[in-house]
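To be precise, the following lines are protein10.cif, and they hold mmCIF, C-alpha atoms and all ligand atoms.
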data_work
loop_
_atom_site.label_atom_id
_atom_site.label_comp_id
_atom_site.auth_asym_id
_atom_site.auth_seq_id
_atom_site.Cartn_x
_atom_site.Cartn_y
_atom_site.Cartn_z
CA MET A 1 -28.60 -16.25 3.79
CA THR A 2 -27.10 -14.55 0.79
CA GLU A 3 -24.23 -16.01 -1.16
CA VAL A 4 -21.77 -13.75 -2.98
CA LEU A 5 -18.81 -14.26 -5.28
CA ALA A 6 -15.52 -13.53 -3.50
CA VAL A 7 -11.76 -13.85 -3.92
CA LEU A 8 -10.32 -16.01 -1.16
CA LYS A 9 -7.17 -17.47 0.24
CA ASP A 10 -8.46 -20.78 1.53
CA LYS A 11 -5.51 -23.14 1.39
CA PRO A 12 -1.72 -23.08 1.83
CA GLY A 13 0.38 -22.56 -1.27
CA ALA A 14 0.39 -20.14 -4.17
CA GLY A 15 -2.79 -18.88 -5.81
CA ILE A 16 -6.26 -17.66 -4.96
CA THR A 17 -9.75 -19.13 -5.14
CA VAL A 18 -12.76 -17.38 -6.66
CA LYS A 19 -15.98 -18.85 -5.32
CA ARG A 20 -19.35 -18.14 -3.76
CA VAL A 21 -19.36 -17.67 0.00
CA GLN A 22 -22.00 -16.95 2.63
CA LEU A 23 -22.30 -13.29 3.47
CA PRO A 24 -21.99 -13.02 7.27
CA GLU A 25 -24.71 -11.37 9.33
CA LEU A 26 -24.48 -7.62 9.76
CA GLY A 27 -23.22 -6.88 13.29
CA ASP A 28 -24.18 -3.74 15.22
CA TYR A 29 -20.90 -2.02 14.30
CA ASP A 30 -20.71 -3.32 10.72
CA VAL A 31 -21.54 -1.84 7.36
CA LEU A 32 -22.77 -3.75 4.32
CA VAL A 33 -20.78 -2.42 1.37
CA LYS A 34 -21.30 -2.98 -2.33
CA PRO A 35 -17.73 -2.69 -3.63
CA VAL A 36 -17.27 -1.17 -7.07
CA ALA A 37 -13.49 -1.52 -7.30
CA CYS A 38 -10.82 -3.23 -5.24
CA GLY A 39 -7.12 -2.69 -5.86
CA ILE A 40 -4.51 -5.44 -5.95
CA CYS A 41 -1.64 -4.22 -3.80
CA GLY A 42 1.96 -5.39 -3.56
CA SER A 43 1.05 -6.86 -0.18
CA ASP A 44 -1.79 -8.90 -1.75
CA LEU A 45 0.83 -10.47 -4.00
CA LYS A 46 2.61 -11.72 -0.86
CA THR A 47 -0.63 -13.47 0.04
CA TYR A 48 -1.02 -14.71 -3.51
CA ASP A 49 2.41 -16.31 -3.69
CA TRP A 50 2.28 -17.65 -0.09
CA HIS A 51 5.24 -15.58 1.02
CA SER A 52 6.91 -16.92 4.17
CA TYR A 53 6.25 -13.87 6.33
CA ARG A 54 2.54 -13.92 5.50
CA GLN A 55 2.01 -17.60 6.34
CA PRO A 56 1.43 -17.47 10.11
CA ALA A 57 -1.29 -14.81 9.81
CA LEU A 58 -2.94 -16.51 6.85
CA LEU A 59 -2.94 -19.92 8.51
CA LYS A 60 -4.83 -18.34 11.41
CA ALA A 61 -7.33 -16.40 9.27
CA MET A 62 -8.08 -18.77 6.39
CA PRO A 63 -10.48 -18.98 4.69
CA VAL A 64 -10.07 -15.23 4.30
CA ILE A 65 -11.50 -12.86 1.69
CA LEU A 66 -8.76 -10.73 0.14
CA GLY A 67 -8.92 -7.02 -0.53
CA HIS A 68 -7.98 -4.01 1.55
CA GLU A 69 -8.28 -1.28 -1.10
CA VAL A 70 -12.04 -1.44 -1.44
CA ALA A 71 -14.12 1.42 -2.83
CA GLY A 72 -17.88 1.27 -3.09
CA HIS A 73 -21.33 2.24 -1.80
CA VAL A 74 -22.88 1.68 1.60
CA VAL A 75 -25.95 -0.55 1.31
CA GLN A 76 -26.94 -0.96 4.94
CA VAL A 77 -25.54 -0.03 8.34
CA GLY A 78 -25.55 -1.92 11.66
CA ALA A 79 -27.74 -0.72 14.54
CA ARG A 80 -24.93 1.17 16.31
CA VAL A 81 -23.35 2.78 13.24
CA THR A 82 -23.90 6.53 13.09
CA ARG A 83 -21.08 7.71 10.81
CA PHE A 84 -22.48 6.21 7.60
CA LYS A 85 -25.78 5.86 5.79
CA PRO A 86 -26.93 3.96 2.71
CA LEU A 87 -25.52 5.27 -0.61
CA ASP A 88 -22.50 6.91 1.03
CA ARG A 89 -19.34 6.50 -1.05
CA VAL A 90 -16.70 4.77 1.07
CA LEU A 91 -13.14 3.47 0.97
CA THR A 92 -11.52 0.98 3.33
CA GLU A 93 -8.93 2.12 5.85
CA PRO A 94 -7.53 -1.37 6.30
CA VAL A 95 -5.64 -1.21 9.59
CA LEU A 96 -8.04 -2.07 12.41
CA SER A 97 -6.76 -0.87 15.78
CA CYS A 98 -8.09 -1.40 19.30
CA GLY A 99 -8.20 2.26 20.33
CA ALA A 100 -7.15 1.41 23.88
CA CYS A 101 -3.53 0.24 23.94
CA ARG A 102 -0.53 2.49 24.65
CA LEU A 103 0.24 2.86 20.92
CA CYS A 104 -3.33 3.73 19.99
CA GLU A 105 -3.33 6.34 22.76
CA GLU A 106 -0.20 7.81 21.19
CA GLY A 107 -1.96 7.91 17.82
CA ARG A 108 0.26 5.17 16.41
CA THR A 109 -2.73 3.06 15.39
CA GLN A 110 -0.79 1.42 12.55
CA ILE A 111 1.23 -0.58 15.08
CA CYS A 112 -1.57 -1.13 17.62
CA GLU A 113 -0.77 -4.06 19.93
CA SER A 114 -3.69 -6.01 18.50
CA ARG A 115 -3.93 -4.55 15.02
CA LYS A 116 -5.56 -6.55 12.29
CA VAL A 117 -5.30 -5.79 8.62
CA LEU A 118 -8.25 -6.31 6.31
CA GLY A 119 -7.81 -8.88 3.58
CA TYR A 120 -5.36 -11.23 5.27
CA GLU A 121 -5.80 -11.09 9.04
CA THR A 122 -9.52 -10.38 8.87
CA GLN A 123 -12.11 -10.56 6.10
CA GLY A 124 -11.51 -8.11 3.24
CA GLY A 125 -13.77 -6.80 0.53
CA MET A 126 -12.75 -8.32 -2.79
CA ALA A 127 -16.30 -9.60 -3.31
CA GLN A 128 -19.69 -8.75 -4.79
CA MET A 129 -20.83 -7.62 -1.33
CA ALA A 130 -18.87 -7.27 1.89
CA VAL A 131 -19.67 -6.92 5.58
CA LEU A 132 -16.95 -4.65 6.96
CA PRO A 133 -16.43 -3.02 10.37
CA ALA A 134 -17.51 0.64 10.28
CA ALA A 135 -14.14 1.42 11.88
CA SER A 136 -12.44 0.26 8.69
CA LEU A 137 -14.18 2.76 6.45
CA ILE A 138 -13.68 6.39 5.51
CA LYS A 139 -15.90 8.58 3.32
CA LEU A 140 -14.65 8.95 -0.22
CA PRO A 141 -14.91 12.51 -1.63
CA SER A 142 -17.07 12.71 -4.77
CA SER A 143 -14.13 14.13 -6.73
CA ILE A 144 -12.26 10.80 -6.48
CA SER A 145 -13.46 7.94 -8.68
CA PHE A 146 -13.93 4.42 -7.38
CA ILE A 147 -11.29 3.20 -9.84
CA ASP A 148 -8.64 5.66 -8.63
CA ALA A 149 -9.56 5.39 -4.94
CA PRO A 150 -7.40 2.30 -4.17
CA LEU A 151 -4.31 4.45 -4.80
CA LEU A 152 -5.25 6.60 -1.82
CA GLU A 153 -4.34 3.75 0.49
CA ILE A 154 -0.92 3.58 -1.12
CA LEU A 155 -0.52 7.33 -0.86
CA ALA A 156 -1.37 7.19 2.86
CA THR A 157 1.40 4.59 3.23
CA ALA A 158 3.81 6.94 1.42
CA VAL A 159 2.78 9.93 3.55
CA HIS A 160 3.43 7.96 6.70
CA ALA A 161 6.80 6.69 5.43
CA ILE A 162 7.88 10.32 5.01
CA GLU A 163 6.57 11.21 8.46
CA ARG A 164 8.83 8.51 9.87
CA VAL A 165 11.94 10.43 8.76
CA GLY A 166 10.56 13.87 9.56
CA LEU A 167 11.82 16.91 7.70
CA VAL A 168 12.57 16.35 4.01
CA ALA A 169 12.06 19.92 2.68
CA GLY A 170 15.07 21.04 0.71
CA GLN A 171 16.73 17.65 1.07
CA PRO A 172 17.83 15.31 -1.71
CA CYS A 173 15.76 12.11 -1.54
CA ALA A 174 15.82 8.84 -3.46
CA VAL A 175 13.11 6.29 -4.08
CA VAL A 176 14.25 2.78 -5.02
CA GLY A 177 11.37 0.96 -6.71
CA PRO A 178 9.10 2.71 -9.25
CA GLY A 179 5.94 0.71 -8.48
CA PRO A 180 2.69 2.32 -7.27
CA LEU A 181 4.13 2.97 -3.79
CA GLY A 182 7.31 4.45 -5.28
CA ILE A 183 5.34 6.74 -7.57
CA MET A 184 3.14 7.92 -4.67
CA LEU A 185 6.23 8.42 -2.52
CA MET A 186 7.99 10.45 -5.20
CA GLN A 187 5.00 12.77 -5.55
CA ALA A 188 4.49 13.10 -1.79
CA LEU A 189 8.20 13.88 -1.32
CA ARG A 190 8.00 16.62 -3.92
CA ALA A 191 4.84 17.98 -2.28
CA ALA A 192 6.77 18.03 1.02
CA GLY A 193 9.49 20.13 -0.59
CA ALA A 194 12.21 17.51 -1.03
CA TRP A 195 14.68 18.33 -3.85
CA PRO A 196 15.89 16.74 -5.96
CA VAL A 197 13.77 13.58 -5.84
CA ALA A 198 15.33 10.71 -7.79
CA VAL A 199 13.62 7.41 -8.63
CA TYR A 200 15.64 4.27 -9.30
CA GLY A 201 14.50 1.03 -10.89
CA THR A 202 15.70 -2.00 -12.80
CA GLU A 203 16.09 -2.15 -16.57
CA ARG A 204 12.81 -4.05 -16.70
CA SER A 205 10.97 -1.23 -15.00
CA ARG A 206 12.05 1.41 -17.51
CA PRO A 207 8.43 2.25 -18.49
CA ARG A 208 7.70 2.85 -14.80
CA LEU A 209 10.73 5.13 -14.55
CA GLU A 210 9.40 7.09 -17.53
CA LEU A 211 6.06 7.37 -15.73
CA ALA A 212 7.88 8.69 -12.67
CA LYS A 213 9.53 11.32 -14.86
CA ARG A 214 6.20 12.37 -16.37
CA LEU A 215 4.69 12.71 -12.91
CA GLY A 216 7.44 14.98 -11.69
CA ALA A 217 10.52 13.01 -10.62
CA ASP A 218 13.52 15.34 -10.85
CA GLU A 219 15.74 12.46 -11.89
CA ILE A 220 15.37 8.82 -12.87
CA GLY A 221 18.09 6.21 -12.92
CA LEU A 222 18.81 2.51 -13.12
CA SER A 223 19.53 0.67 -9.90
CA ASP A 224 22.47 -1.13 -11.48
CA GLU A 225 25.92 -1.36 -9.94
CA ALA A 226 27.46 1.40 -12.05
CA THR A 227 24.72 3.93 -11.26
CA ILE A 228 24.52 3.14 -7.56
CA THR A 229 28.33 3.40 -7.30
CA ARG A 230 28.21 6.77 -9.08
CA ASP A 231 25.41 8.09 -6.84
CA GLU A 232 26.64 6.60 -3.56
CA GLY A 233 26.11 8.89 -0.58
CA ARG A 234 24.13 11.52 -2.50
CA PHE A 235 20.85 11.49 -0.59
CA GLU A 236 19.70 12.55 2.84
CA CYS A 237 16.97 9.90 2.67
CA ALA A 238 16.61 6.86 0.46
CA PHE A 239 13.40 4.83 0.51
CA GLU A 240 13.36 1.14 -0.37
CA VAL A 241 9.95 0.32 -1.85
CA ALA A 242 10.84 -2.35 -4.38
CA GLY A 243 10.15 -5.43 -2.30
CA ARG A 244 13.62 -6.86 -3.00
CA PRO A 245 16.54 -7.16 -0.55
CA GLU A 246 19.03 -5.82 -3.11
CA ALA A 247 16.96 -2.62 -3.28
CA LEU A 248 17.51 -2.09 0.45
CA LEU A 249 21.24 -2.42 -0.08
CA ALA A 250 21.06 0.09 -2.95
CA ALA A 251 19.09 2.50 -0.74
CA ALA A 252 21.65 2.17 2.07
CA ARG A 253 24.47 2.95 -0.36
CA LEU A 254 22.65 5.95 -1.82
CA THR A 255 22.17 7.47 1.65
CA ARG A 256 24.73 10.01 2.79
CA ARG A 257 26.51 10.09 6.14
CA GLY A 258 24.10 10.88 8.93
CA GLY A 259 21.07 10.35 6.66
CA SER A 260 18.22 7.85 6.79
CA VAL A 261 17.48 4.72 4.83
CA VAL A 262 13.85 3.70 4.96
CA PHE A 263 12.76 0.08 4.70
CA GLY A 264 9.33 0.52 3.20
CA SER A 265 8.31 -2.76 1.59
CA GLY A 266 8.25 -6.19 3.18
CA PHE A 267 10.65 -9.14 3.23
CA ASP A 268 12.60 -11.00 5.88
CA GLN A 269 15.95 -11.69 4.21
CA VAL A 270 18.95 -9.49 4.98
CA PRO A 271 20.34 -8.10 1.71
CA GLU A 272 23.41 -9.95 0.55
CA GLY A 273 26.39 -7.61 0.82
CA LEU A 274 24.85 -5.23 3.36
CA LYS A 275 27.65 -4.32 5.76
CA LEU A 276 26.11 -3.19 9.01
CA ASN A 277 29.25 -1.36 10.03
CA ALA A 278 30.45 0.13 6.74
CA HIS A 279 27.04 0.95 5.28
CA LEU A 280 25.18 1.94 8.43
CA LYS A 281 26.91 2.30 11.81
CA ASN A 282 30.18 3.84 10.75
CA ARG A 283 28.32 6.53 8.86
CA GLU A 284 25.56 6.96 11.45
CA VAL A 285 22.94 6.15 8.85
CA ASN A 286 19.55 5.62 10.49
CA LEU A 287 17.70 2.52 9.45
CA VAL A 288 14.07 3.56 9.63
CA THR A 289 11.17 1.15 9.27
CA THR A 290 7.60 1.99 8.36
CA THR A 291 4.38 0.05 8.12
CA GLY A 292 0.89 1.03 7.06
CA HIS A 293 -0.54 4.35 8.11
CA PRO A 294 -2.19 6.01 11.08
CA ARG A 295 -5.53 7.76 10.58
CA THR A 296 -3.80 11.13 10.34
CA ALA A 297 -1.88 10.01 7.25
CA TRP A 298 -5.21 9.47 5.48
CA ASP A 299 -6.27 13.05 6.05
CA ARG A 300 -3.01 14.27 4.59
CA ALA A 301 -3.25 11.87 1.65
CA LEU A 302 -6.78 13.07 0.88
CA SER A 303 -5.66 16.72 1.03
CA LEU A 304 -2.75 16.05 -1.32
CA VAL A 305 -5.10 14.54 -3.90
CA VAL A 306 -7.99 16.99 -3.55
CA SER A 307 -5.57 19.95 -3.76
CA GLY A 308 -4.01 18.50 -6.91
CA LYS A 309 -0.51 18.20 -5.38
CA VAL A 310 -0.46 14.43 -5.97
CA ARG A 311 -2.02 12.70 -8.96
CA ILE A 312 -3.66 9.34 -8.56
CA ASP A 313 -5.82 9.49 -11.70
CA GLY A 314 -4.90 7.61 -14.84
CA LEU A 315 -2.55 5.18 -13.08
CA VAL A 316 -4.85 2.17 -13.09
CA ASP A 317 -4.00 0.41 -16.35
CA LEU A 318 -5.86 -2.86 -15.89
CA GLN A 319 -9.46 -3.42 -14.79
CA VAL A 320 -10.62 -7.02 -14.49
CA PRO A 321 -14.04 -8.42 -13.52
CA LEU A 322 -14.21 -10.23 -10.19
CA ALA A 323 -14.83 -13.61 -11.83
CA ASP A 324 -11.48 -13.34 -13.63
CA ALA A 325 -9.51 -12.31 -10.54
CA ASP A 326 -6.92 -15.01 -11.17
CA LYS A 327 -5.91 -13.33 -14.45
CA ALA A 328 -5.70 -10.01 -12.64
CA PHE A 329 -3.38 -11.42 -9.98
CA GLN A 330 -1.17 -12.99 -12.62
CA ALA A 331 -0.87 -9.70 -14.50
CA ALA A 332 -0.03 -7.88 -11.27
CA TYR A 333 2.38 -10.59 -10.16
CA THR A 334 4.30 -10.65 -13.42
CA ARG A 335 4.20 -6.84 -13.48
CA GLU A 336 2.49 -6.79 -16.87
CA SER A 337 0.25 -4.13 -15.39
CA PHE A 338 1.23 -1.14 -13.25
CA LYS A 339 -1.87 -0.96 -11.07
CA THR A 340 -4.61 -3.54 -11.32
CA VAL A 341 -8.12 -3.08 -10.03
CA ILE A 342 -10.76 -5.77 -9.68
CA ILE A 343 -14.22 -4.61 -10.72
CA CYS A 344 -16.56 -6.14 -8.14
CA ASN A 345 -19.71 -4.48 -9.50
CA PRO A 346 -19.61 -2.47 -12.74
CA GLU A 347 -21.05 1.04 -12.29
ZN ZN B 401 -2.56 -1.63 -0.31
ZN ZN B 402 -4.38 -0.48 20.04
#
Now, as a test, write the supplied structure out as structure tokens.
Ligand SMILES: [Zn+2]
Ligand SMILES: [Zn+2]
Amino acid sequence: MTEVLAVLKDKPGAGITVKRVQLPELGDYDVLVKPVACGICGSDLKTYDWHSYRQPALLKAMPVILGHEVAGHVVQVGARVTRFKPLDRVLTEPVLSCGACRLCEEGRTQICESRKVLGYETQGGMAQMAVLPAASLIKLPSSISFIDAPLLEILATAVHAIERVGLVAGQPCAVVGPGPLGIMLMQALRAAGAWPVAVYGTERSRPRLELAKRLGADEIGLSDEATITRDEGRFECAFEVAGRPEALLAAARLTRRGGSVVFGSGFDQVPEGLKLNAHLKNREVNLVTTTGHPRTAWDRALSLVVSGKVRIDGLVDLQVPLADADKAFQAAYTRESFKTVIICNPE
């Protein structure tokens, strides 16, 4: 039995544990992957800080290896795996679906009745080596580096969020929250023909707003009271991707009559001051929710990157060795870094 270093959630409360764990046996439908890089995602931070909505799933799965944005090489494949071979470059597609329920049959695999997400509901890949289901992997084109690859998962999430509202071409759209998901969303909206695309953020996130501008945002603005009041009702769609209830309220206010406000991040609290009648019903504003991504969103995300319409390169600003994962989580949690990647095995 081989032991490998891994990043785990193994007890209730804030924090993570970095320790050696037994590598499970390779099942017939599994792939042994040697991860090179693994992204830390906003959702991993909910695991890290023991967020209330994550607790039931974590209590069931613990001890669980984190990591759902895993890029690396195939080392070995299980007896029934035909899609991959050793040395293939792969990336995790973290939503595991059953393939048989009504929603899977409709292609809505991201909300499969028995879906499981890698890295908090089932074992992830933030480790020196990982045994992962073949169904959770896609081939990574050679033009995309292992370091940049984790952003593809975020882009697939953005692509799906846009699909949830449908047509955005020629429509004014707003993104509230200039984090990695917001930046991917802004670029994907522009690629889909939305205009103008405005990105809003707090004073603290000014450098991220500047990044949004450099990457093509038509407008950037603060999400403060004065600006939101000024811009109220300007946008056909406004996407909340900040992970804060007040950002959902801002998005609802920015949306025009008959438009759509999209709840794209995760939290359970209702924003203070959100008036269901005045902000939503009376103006027939659709409240749209979105989670994860179906397989089809991955294909579109890959095309957007390979065709150069969306940039994912150069956005990772912190790379930390696996053994120092705690430092990496702290930097991501305090937003010192924009996008942090754990280096599981240096190339
Ligand atoms: Zn992610
Ligand atoms: Zn299903």
Mind running chain A against ligand ZN 401 (chain B) at 7 Å and telling me each contacting residue's nearest atom pair with the distance in Å (one decimal), counting all atoms listed in the file, chain and number ascending, as JSON lines?
{"residue": "A:Cys41", "atom": "CA", "partner": "B:ZN401", "partner_atom": "ZN", "distance": 4.4}
{"residue": "A:Gly42", "atom": "CA", "partner": "B:ZN401", "partner_atom": "ZN", "distance": 6.7}
{"residue": "A:Ser43", "atom": "CA", "partner": "B:ZN401", "partner_atom": "ZN", "distance": 6.4}
{"residue": "A:His68", "atom": "CA", "partner": "B:ZN401", "partner_atom": "ZN", "distance": 6.2}
{"residue": "A:Glu69", "atom": "CA", "partner": "B:ZN401", "partner_atom": "ZN", "distance": 5.8}
{"residue": "A:Glu153", "atom": "CA", "partner": "B:ZN401", "partner_atom": "ZN", "distance": 5.7}
{"residue": "A:Ile154", "atom": "CA", "partner": "B:ZN401", "partner_atom": "ZN", "distance": 5.5}
Step by step, measure atom-to-atom distances between ligand ZN 402 (chain B) and each residue using only C-alpha atoms and all ligand atoms, keep those at most 7 Å, then write them as number ranges by chain. A: 97-104, 109, 112-115
Name the closest residue to A:Gly72 among the candidates A:Ser142, A:Thr255, A:Gln187, A:Thr202; distances are taken between atoms, counting all atoms listed in the file.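 Smallest separation from A:Gly72 among the options: A:Ser142.
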Excluding A:Asp49 and its own-chain neighbours fewer than 5 positions away, which residues fall within 8 Å of it when counting only C-alpha atoms? Please give them as a PyMOL selection string. chain A and resi 13-15
Between atom CA of A:Gly124 and atom CA of A:Leu137, what is the distance in Å, rounded to a tenth?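 Those two atoms sit 11.6 Å apart.
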Using all atoms listed in the file, collect all residues at a distance of at most 12 Å from (-6.2, -19.5, -5.0) as written in the file, then present them as a count of residues only. 31
Figure out the distance between atom CA of A:Ala242 and atom CA of A:Lys339, please, to one decimal in Å.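 The value is 14.4 Å.
In this model, the gap between atom CA of A:Cys344 and atom CA of A:Cys38 comes to 7.1 Å.
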Quick one: residues within 9 Å of A:Val176, only C-alpha atoms counted, chain neighbours fewer than 3 positions away excluded, as a list of chain:residue names?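 After dropping sequence-adjacent residues, the list is A:Gly182, A:Ala198, A:Val199, A:Tyr200, A:Gly201, A:Ser223, A:Ala238, A:Phe239, A:Glu240, A:Val241, A:Ala242, A:Ala247, A:Leu248, A:Ala250, A:Ala251.
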Can you list every residue of stretch 265-296 of chain A that has an atom at most 10 Å from stretch 159-166 of chain A, with its nearest atom pair and the distance in Å to one decimal, using all atoms listed in the file, ordered by chain then number, as CSV?
residue,atom,partner,partner_atom,distance
A:Asn286,CA,A:Val165,CA,9.2
A:Leu287,CA,A:Val165,CA,9.8
A:Val288,CA,A:Arg164,CA,7.2
A:Thr289,CA,A:Arg164,CA,7.7
A:Thr290,CA,A:Ala161,CA,5.6
A:Thr291,CA,A:Ala161,CA,7.6
A:Gly292,CA,A:His160,CA,7.4
A:His293,CA,A:His160,CA,5.5
A:Pro294,CA,A:His160,CA,7.4
A:Arg295,CA,A:His160,CA,9.8
A:Thr296,CA,A:His160,CA,8.7
Would you list the contacts of A:Ala217 as a compact mmCIF listing (two decimals) with C-alpha atoms, in the frame of the given file, taking every protein, DNA or RNA residue within 10 Å and counting all atoms listed in the file, but skipping same-chain residues closer than 6 positions in sequence?
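part27.txt, written as the output of this step:
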# COMPACT_ATOMS: atom_id res chain seq x y z
CA ALA A 174 15.82 8.84 -3.46
CA VAL A 175 13.11 6.29 -4.08
CA ILE A 183 5.34 6.74 -7.57
CA MET A 186 7.99 10.45 -5.20
CA GLN A 187 5.00 12.77 -5.55
CA LEU A 189 8.20 13.88 -1.32
CA ARG A 190 8.00 16.62 -3.92
CA TRP A 195 14.68 18.33 -3.85
CA PRO A 196 15.89 16.74 -5.96
CA VAL A 197 13.77 13.58 -5.84
CA ALA A 198 15.33 10.71 -7.79
CA VAL A 199 13.62 7.41 -8.63
CA LEU A 209 10.73 5.13 -14.55
CA GLU A 210 9.40 7.09 -17.53
CA LEU A 211 6.06 7.37 -15.73
Name the residues, using the chain letters and numbers of the file, that sit within 7 Å of (-7.1, -3.6, 11.8) when counting all atoms listed in the file, and give them as number ranges by chain. A: 94-97, 115-118
Would you please work out which residue, of A:Asp30, A:Ala278, A:Ala57, A:Ile40, is nearest to A:Val77 when using only C-alpha atoms?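 The shortest atom-to-atom distance to A:Val77 comes from A:Asp30.
Distance check against A:Pro56 using only C-alpha atoms: of A:Phe146, A:Tyr120, A:Phe235, A:Phe263, the minimum falls on A:Tyr120.
Nearest to A:Gln128 of all the residues A:Ala37, A:Ala328, A:Val310, A:Val168 is A:Ala37, based on only C-alpha atoms.
Among the candidate residues A:Gln110, A:Ser337, A:Gln123, A:Thr92, the one lying nearest to A:Ala149 is A:Thr92, with distances computed using only C-alpha atoms.
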Surrounding residues of stretch 81-84 of chain A excluding itself and chain neighbours under 4 positions, 12 Å, only C-alpha atoms, as a VMD selection string: chain A and resid 26 to 33 73 to 77 88 to 91 132 to 140
Return the single residue from A:Ala130, A:Pro86, A:Pro35, A:Lys213 that is closest to A:Leu23, with distances computed using only C-alpha atoms.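 Under the stated criterion, the closest residue is A:Ala130.
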Could the centre and edge lengths of an axis-aligned box, enclosing all atoms of stretch 61-71 of chain A in the file with 5 Å extra on each side, be given in Å to one decimal as AutoDock Vina command-line options?
--center_x -10.7 --center_y -8.8 --center_z 3.2 --size_x 16.8 --size_y 30.4 --size_z 22.1
Quick one: residues within 6 Å of A:Gly193, only C-alpha atoms, excluding same-chain residues fewer than 2 positions away - as JSON, numbers by chain? {"A": [169, 170, 190, 191]}
Complete stretch 50-62 of chain A with N, CA and C atoms (output as a compact mmCIF listing (two decimals), in the frame of the given file).
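To be explicit, this is the file written out as rebuild-v7.txt:
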# COMPACT_ATOMS: atom_id res chain seq x y z
N TRP A 50 2.02 -16.89 -1.33
CA TRP A 50 2.28 -17.65 -0.09
C TRP A 50 3.67 -17.34 0.45
N HIS A 51 3.95 -16.05 0.53
CA HIS A 51 5.24 -15.58 1.02
C HIS A 51 5.43 -15.98 2.48
N SER A 52 6.67 -16.35 2.84
CA SER A 52 6.91 -16.92 4.17
C SER A 52 6.42 -16.03 5.31
N TYR A 53 6.63 -14.70 5.18
CA TYR A 53 6.25 -13.87 6.33
C TYR A 53 4.75 -13.69 6.47
N ARG A 54 3.99 -14.03 5.43
CA ARG A 54 2.54 -13.92 5.50
C ARG A 54 1.88 -15.19 6.07
N GLN A 55 2.64 -16.30 6.05
CA GLN A 55 2.01 -17.60 6.34
C GLN A 55 1.37 -17.72 7.72
N PRO A 56 2.05 -17.28 8.79
CA PRO A 56 1.43 -17.47 10.11
C PRO A 56 0.06 -16.78 10.21
N ALA A 57 -0.02 -15.54 9.72
CA ALA A 57 -1.29 -14.81 9.81
C ALA A 57 -2.36 -15.47 8.94
N LEU A 58 -1.96 -15.89 7.75
CA LEU A 58 -2.94 -16.51 6.85
C LEU A 58 -3.44 -17.84 7.40
N LEU A 59 -2.53 -18.62 7.97
CA LEU A 59 -2.94 -19.92 8.51
C LEU A 59 -4.00 -19.74 9.61
N LYS A 60 -3.87 -18.63 10.35
CA LYS A 60 -4.83 -18.34 11.41
C LYS A 60 -6.18 -17.88 10.83
N ALA A 61 -6.10 -17.07 9.77
CA ALA A 61 -7.33 -16.40 9.27
C ALA A 61 -8.10 -17.19 8.21
N MET A 62 -7.44 -18.11 7.52
CA MET A 62 -8.08 -18.77 6.39
C MET A 62 -9.29 -19.61 6.81
